[in-house]
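Remarks on the structure that follows.
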Amino acid sequence: MMRVLIATRRTNGDVANDVDYCVAGELLMIGEYCDCCRIDPGSCGCGIAFSGLNSHRMTTTAIVAEVALSEAEVREAIRSSLRAGGWFDADEPELAEQMVAEAWQRIQHVATHFEVGTVLGRRLDVVYEREVPASRP
Ligand SMILES: [Zn+2]
């Protein structure tokens, strides 16, 4: 079992600039954000959103979940997503692996910091709690 971030509709729409173009339940990563969002988070959306590994689209709500995948499988999901998104240079396999490792590290850091069931939002490099797990009073 691995703790990961998946797309959720919970609380999505509660905040004015919420977007949800992902498939509920798909694996998410915390992608790089553009320069416009660095100045004005939410300018294009990438600075306040998580990106879906399958859909390559954005959502502003993620939930911490425990899934029946191995670490190798999660890494492979990230790898295929980055490859499909055209992030890899075929001549630089080490660089590609480094990107996978960094993306996985960001996910893991957040997914182990918050409890399973926590709904999360993002503002640039900060991921914050939007809703506590139902199990917590
Ligand atoms: Zn942006």
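In the structure tokens, the first chain shown is A, the next is B, and so on; residue numbers restart at 1 for each chain, and ligands run from 1 in the order shown.
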
Step by step, measure atom-to-atom distances between ligand 1 and each residue using only C-alpha atoms and all ligand atoms, keep those at most 10 Å, then write them as a PyMOL selection string.
chain A and resi 32-49+124

According to DSSP computed on the backbone, where in region 10-108 of chain A is there strand (DSSP E)? Give the residues as an MDAnalysis selection string.
chainID A and resid 28:29 50:52 58:59 62:67

Please dump the current selection as a PDB file, in the first residue's frame; keep C-alpha atoms.
ATOM      1  CA  LEU A  28      -2.095  13.395  -9.122  1.00  0.00           C
ATOM      2  CA  MET A  29       1.247  15.058  -8.973  1.00  0.00           C
ATOM      3  CA  PHE A  50      -2.544  19.448  -9.036  1.00  0.00           C
ATOM      4  CA  SER A  51      -2.104  17.630 -12.327  1.00  0.00           C
ATOM      5  CA  GLY A  52      -3.684  14.335 -13.255  1.00  0.00           C
ATOM      6  CA  MET A  58      -5.799  20.179 -13.578  1.00  0.00           C
ATOM      7  CA  THR A  59      -7.812  20.066 -10.402  1.00  0.00           C
ATOM      8  CA  ALA A  62      -6.565  16.452  -4.002  1.00  0.00           C
ATOM      9  CA  ILE A  63      -7.214  13.881  -1.316  1.00  0.00           C
ATOM     10  CA  VAL A  64      -4.655  11.753   0.514  1.00  0.00           C
ATOM     11  CA  ALA A  65      -5.389   8.106  -0.186  1.00  0.00           C
ATOM     12  CA  GLU A  66      -3.846   4.735   0.381  1.00  0.00           C
ATOM     13  CA  VAL A  67      -3.813   2.679  -2.810  1.00  0.00           C
TER      14      VAL A  67
END

From the list A:Glu73, A:Asp20, A:Glu102, A:Asp89, which residue is nearest His56 (chain A) when using only C-alpha atoms?
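The answer is A:Asp20, which sits nearest to His56 (chain A).
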
Just to confirm, what's the straight-line distance from CA of Val126 (chain A) to CA of Val110 (chain A) in Å (one decimal)?
9.7 Å

Which one is closest to Arg10 (chain A): A:Arg83, A:Ala72, A:Ala24, A:Val127? Count only C-alpha atoms.
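Smallest distance to Arg10 (chain A) is found for A:Ala24.
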
Picked from region 11-131 of chain A by DSSP as helix (DSSP H, G or I), as a ChimeraX atom specification:
/A:35-39,46-48,71-84,93-113

Filtering to N, CA and C atoms, could you give me those residues as a short mmCIF file (atom, residue, chain, number, x, y, z; two decimals), in the first residue's frame?
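To be explicit, this is the file written out as again18.cif:
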data_model
loop_
_atom_site.label_atom_id
_atom_site.label_comp_id
_atom_site.auth_asym_id
_atom_site.auth_seq_id
_atom_site.Cartn_x
_atom_site.Cartn_y
_atom_site.Cartn_z
N ASP A 35 5.72 31.04 -14.83
CA ASP A 35 6.17 32.33 -14.29
C ASP A 35 5.00 33.27 -13.99
N CYS A 36 3.95 33.18 -14.79
CA CYS A 36 2.78 34.04 -14.55
C CYS A 36 2.16 33.71 -13.20
N CYS A 37 2.11 32.43 -12.88
CA CYS A 37 1.51 32.02 -11.61
C CYS A 37 2.43 32.35 -10.43
N ARG A 38 3.72 32.44 -10.69
CA ARG A 38 4.65 32.81 -9.63
C ARG A 38 4.30 34.22 -9.14
N ILE A 39 3.94 35.09 -10.07
CA ILE A 39 3.59 36.47 -9.74
C ILE A 39 2.16 36.55 -9.26
N CYS A 46 -2.14 26.80 -13.01
CA CYS A 46 -1.18 25.75 -12.68
C CYS A 46 -0.55 25.94 -11.30
N GLY A 47 -0.53 27.19 -10.79
CA GLY A 47 0.07 27.43 -9.49
C GLY A 47 -0.82 27.04 -8.31
N ILE A 48 -2.10 26.79 -8.59
CA ILE A 48 -3.01 26.43 -7.51
C ILE A 48 -3.62 25.05 -7.74
N GLU A 71 5.57 1.04 -4.86
CA GLU A 71 6.27 2.28 -5.17
C GLU A 71 6.72 2.27 -6.63
N ALA A 72 7.14 1.10 -7.12
CA ALA A 72 7.59 0.98 -8.51
C ALA A 72 6.44 1.31 -9.47
N GLU A 73 5.23 0.89 -9.11
CA GLU A 73 4.07 1.16 -9.97
C GLU A 73 3.72 2.64 -9.99
N VAL A 74 3.82 3.28 -8.82
CA VAL A 74 3.53 4.71 -8.78
C VAL A 74 4.58 5.47 -9.59
N ARG A 75 5.84 5.10 -9.42
CA ARG A 75 6.91 5.74 -10.19
C ARG A 75 6.69 5.55 -11.69
N GLU A 76 6.22 4.34 -12.07
CA GLU A 76 5.98 4.08 -13.48
C GLU A 76 4.83 4.96 -14.01
N ALA A 77 3.83 5.15 -13.16
CA ALA A 77 2.70 6.02 -13.56
C ALA A 77 3.20 7.45 -13.79
N ILE A 78 4.10 7.91 -12.92
CA ILE A 78 4.65 9.26 -13.07
C ILE A 78 5.50 9.32 -14.34
N ARG A 79 6.32 8.29 -14.53
CA ARG A 79 7.21 8.22 -15.68
C ARG A 79 6.40 8.26 -16.99
N SER A 80 5.37 7.42 -17.09
CA SER A 80 4.59 7.40 -18.34
C SER A 80 3.88 8.73 -18.57
N SER A 81 3.43 9.34 -17.45
CA SER A 81 2.73 10.61 -17.59
C SER A 81 3.67 11.70 -18.10
N LEU A 82 4.86 11.77 -17.52
CA LEU A 82 5.83 12.80 -17.94
C LEU A 82 6.26 12.54 -19.39
N ARG A 83 6.42 11.25 -19.72
CA ARG A 83 6.83 10.90 -21.09
C ARG A 83 5.73 11.31 -22.07
N ALA A 84 4.49 10.97 -21.74
CA ALA A 84 3.36 11.29 -22.62
C ALA A 84 3.20 12.80 -22.74
N PRO A 93 18.40 10.19 -20.42
CA PRO A 93 17.65 9.28 -19.55
C PRO A 93 17.86 9.54 -18.05
N GLU A 94 19.05 9.99 -17.67
CA GLU A 94 19.30 10.25 -16.25
C GLU A 94 18.47 11.43 -15.77
N LEU A 95 18.36 12.43 -16.62
CA LEU A 95 17.59 13.62 -16.28
C LEU A 95 16.12 13.24 -16.12
N ALA A 96 15.65 12.35 -16.99
CA ALA A 96 14.27 11.90 -16.94
C ALA A 96 14.01 11.19 -15.61
N GLU A 97 14.93 10.30 -15.22
CA GLU A 97 14.76 9.59 -13.95
C GLU A 97 14.78 10.54 -12.77
N GLN A 98 15.58 11.58 -12.88
CA GLN A 98 15.66 12.57 -11.82
C GLN A 98 14.34 13.33 -11.68
N MET A 99 13.70 13.60 -12.82
CA MET A 99 12.41 14.27 -12.79
C MET A 99 11.35 13.37 -12.13
N VAL A 100 11.41 12.09 -12.44
CA VAL A 100 10.47 11.14 -11.85
C VAL A 100 10.69 11.11 -10.33
N ALA A 101 11.95 11.02 -9.93
CA ALA A 101 12.28 10.95 -8.50
C ALA A 101 11.80 12.21 -7.77
N GLU A 102 12.01 13.36 -8.39
CA GLU A 102 11.60 14.62 -7.74
C GLU A 102 10.08 14.72 -7.63
N ALA A 103 9.40 14.31 -8.69
CA ALA A 103 7.93 14.37 -8.69
C ALA A 103 7.38 13.42 -7.61
N TRP A 104 7.97 12.23 -7.52
CA TRP A 104 7.53 11.25 -6.52
C TRP A 104 7.82 11.76 -5.11
N GLN A 105 8.95 12.41 -4.93
CA GLN A 105 9.33 12.95 -3.63
C GLN A 105 8.34 14.00 -3.15
N ARG A 106 7.91 14.86 -4.07
CA ARG A 106 6.94 15.91 -3.71
C ARG A 106 5.61 15.28 -3.30
N ILE A 107 5.17 14.27 -4.05
CA ILE A 107 3.91 13.60 -3.73
C ILE A 107 4.02 12.93 -2.36
N GLN A 108 5.11 12.17 -2.18
CA GLN A 108 5.31 11.39 -0.96
C GLN A 108 5.38 12.28 0.27
N HIS A 109 6.07 13.40 0.13
CA HIS A 109 6.24 14.33 1.24
C HIS A 109 4.87 14.79 1.75
N VAL A 110 4.01 15.18 0.82
CA VAL A 110 2.68 15.68 1.17
C VAL A 110 1.77 14.54 1.65
N ALA A 111 1.80 13.42 0.95
CA ALA A 111 0.90 12.31 1.26
C ALA A 111 1.21 11.65 2.61
N THR A 112 2.43 11.82 3.08
CA THR A 112 2.76 11.25 4.38
C THR A 112 2.66 12.30 5.49
N HIS A 113 2.64 13.58 5.10
CA HIS A 113 2.53 14.65 6.09
C HIS A 113 1.10 14.80 6.59
#

From the list A:Leu69, A:Met1, A:Trp87, A:Arg130, which residue is nearest Val15 (chain A) when using only C-alpha atoms?
A:Arg130

Could you tell me how far CA of Arg123 (chain A) sits from CA of Arg3 (chain A), in Å to one decimal place?
21.1 Å

Between CA of Cys22 (chain A) and CA of Thr118 (chain A), measure the distance and give it in Å to one decimal.
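According to the coordinates, CA of Cys22 (chain A) and CA of Thr118 (chain A) are separated by 18.0 Å.
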
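Using only C-alpha atoms, the shortest contact distance between Glu129 (chain A) and any of A:Thr11, A:Asn54, A:Ser70, A:Asn17 is found at A:Thr11.
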
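Each of A:Phe114, A:Ala7, A:Ala134, A:Ala68 was compared to Ile30 (chain A) using only C-alpha atoms, and A:Ala7 turns out to be the nearest.
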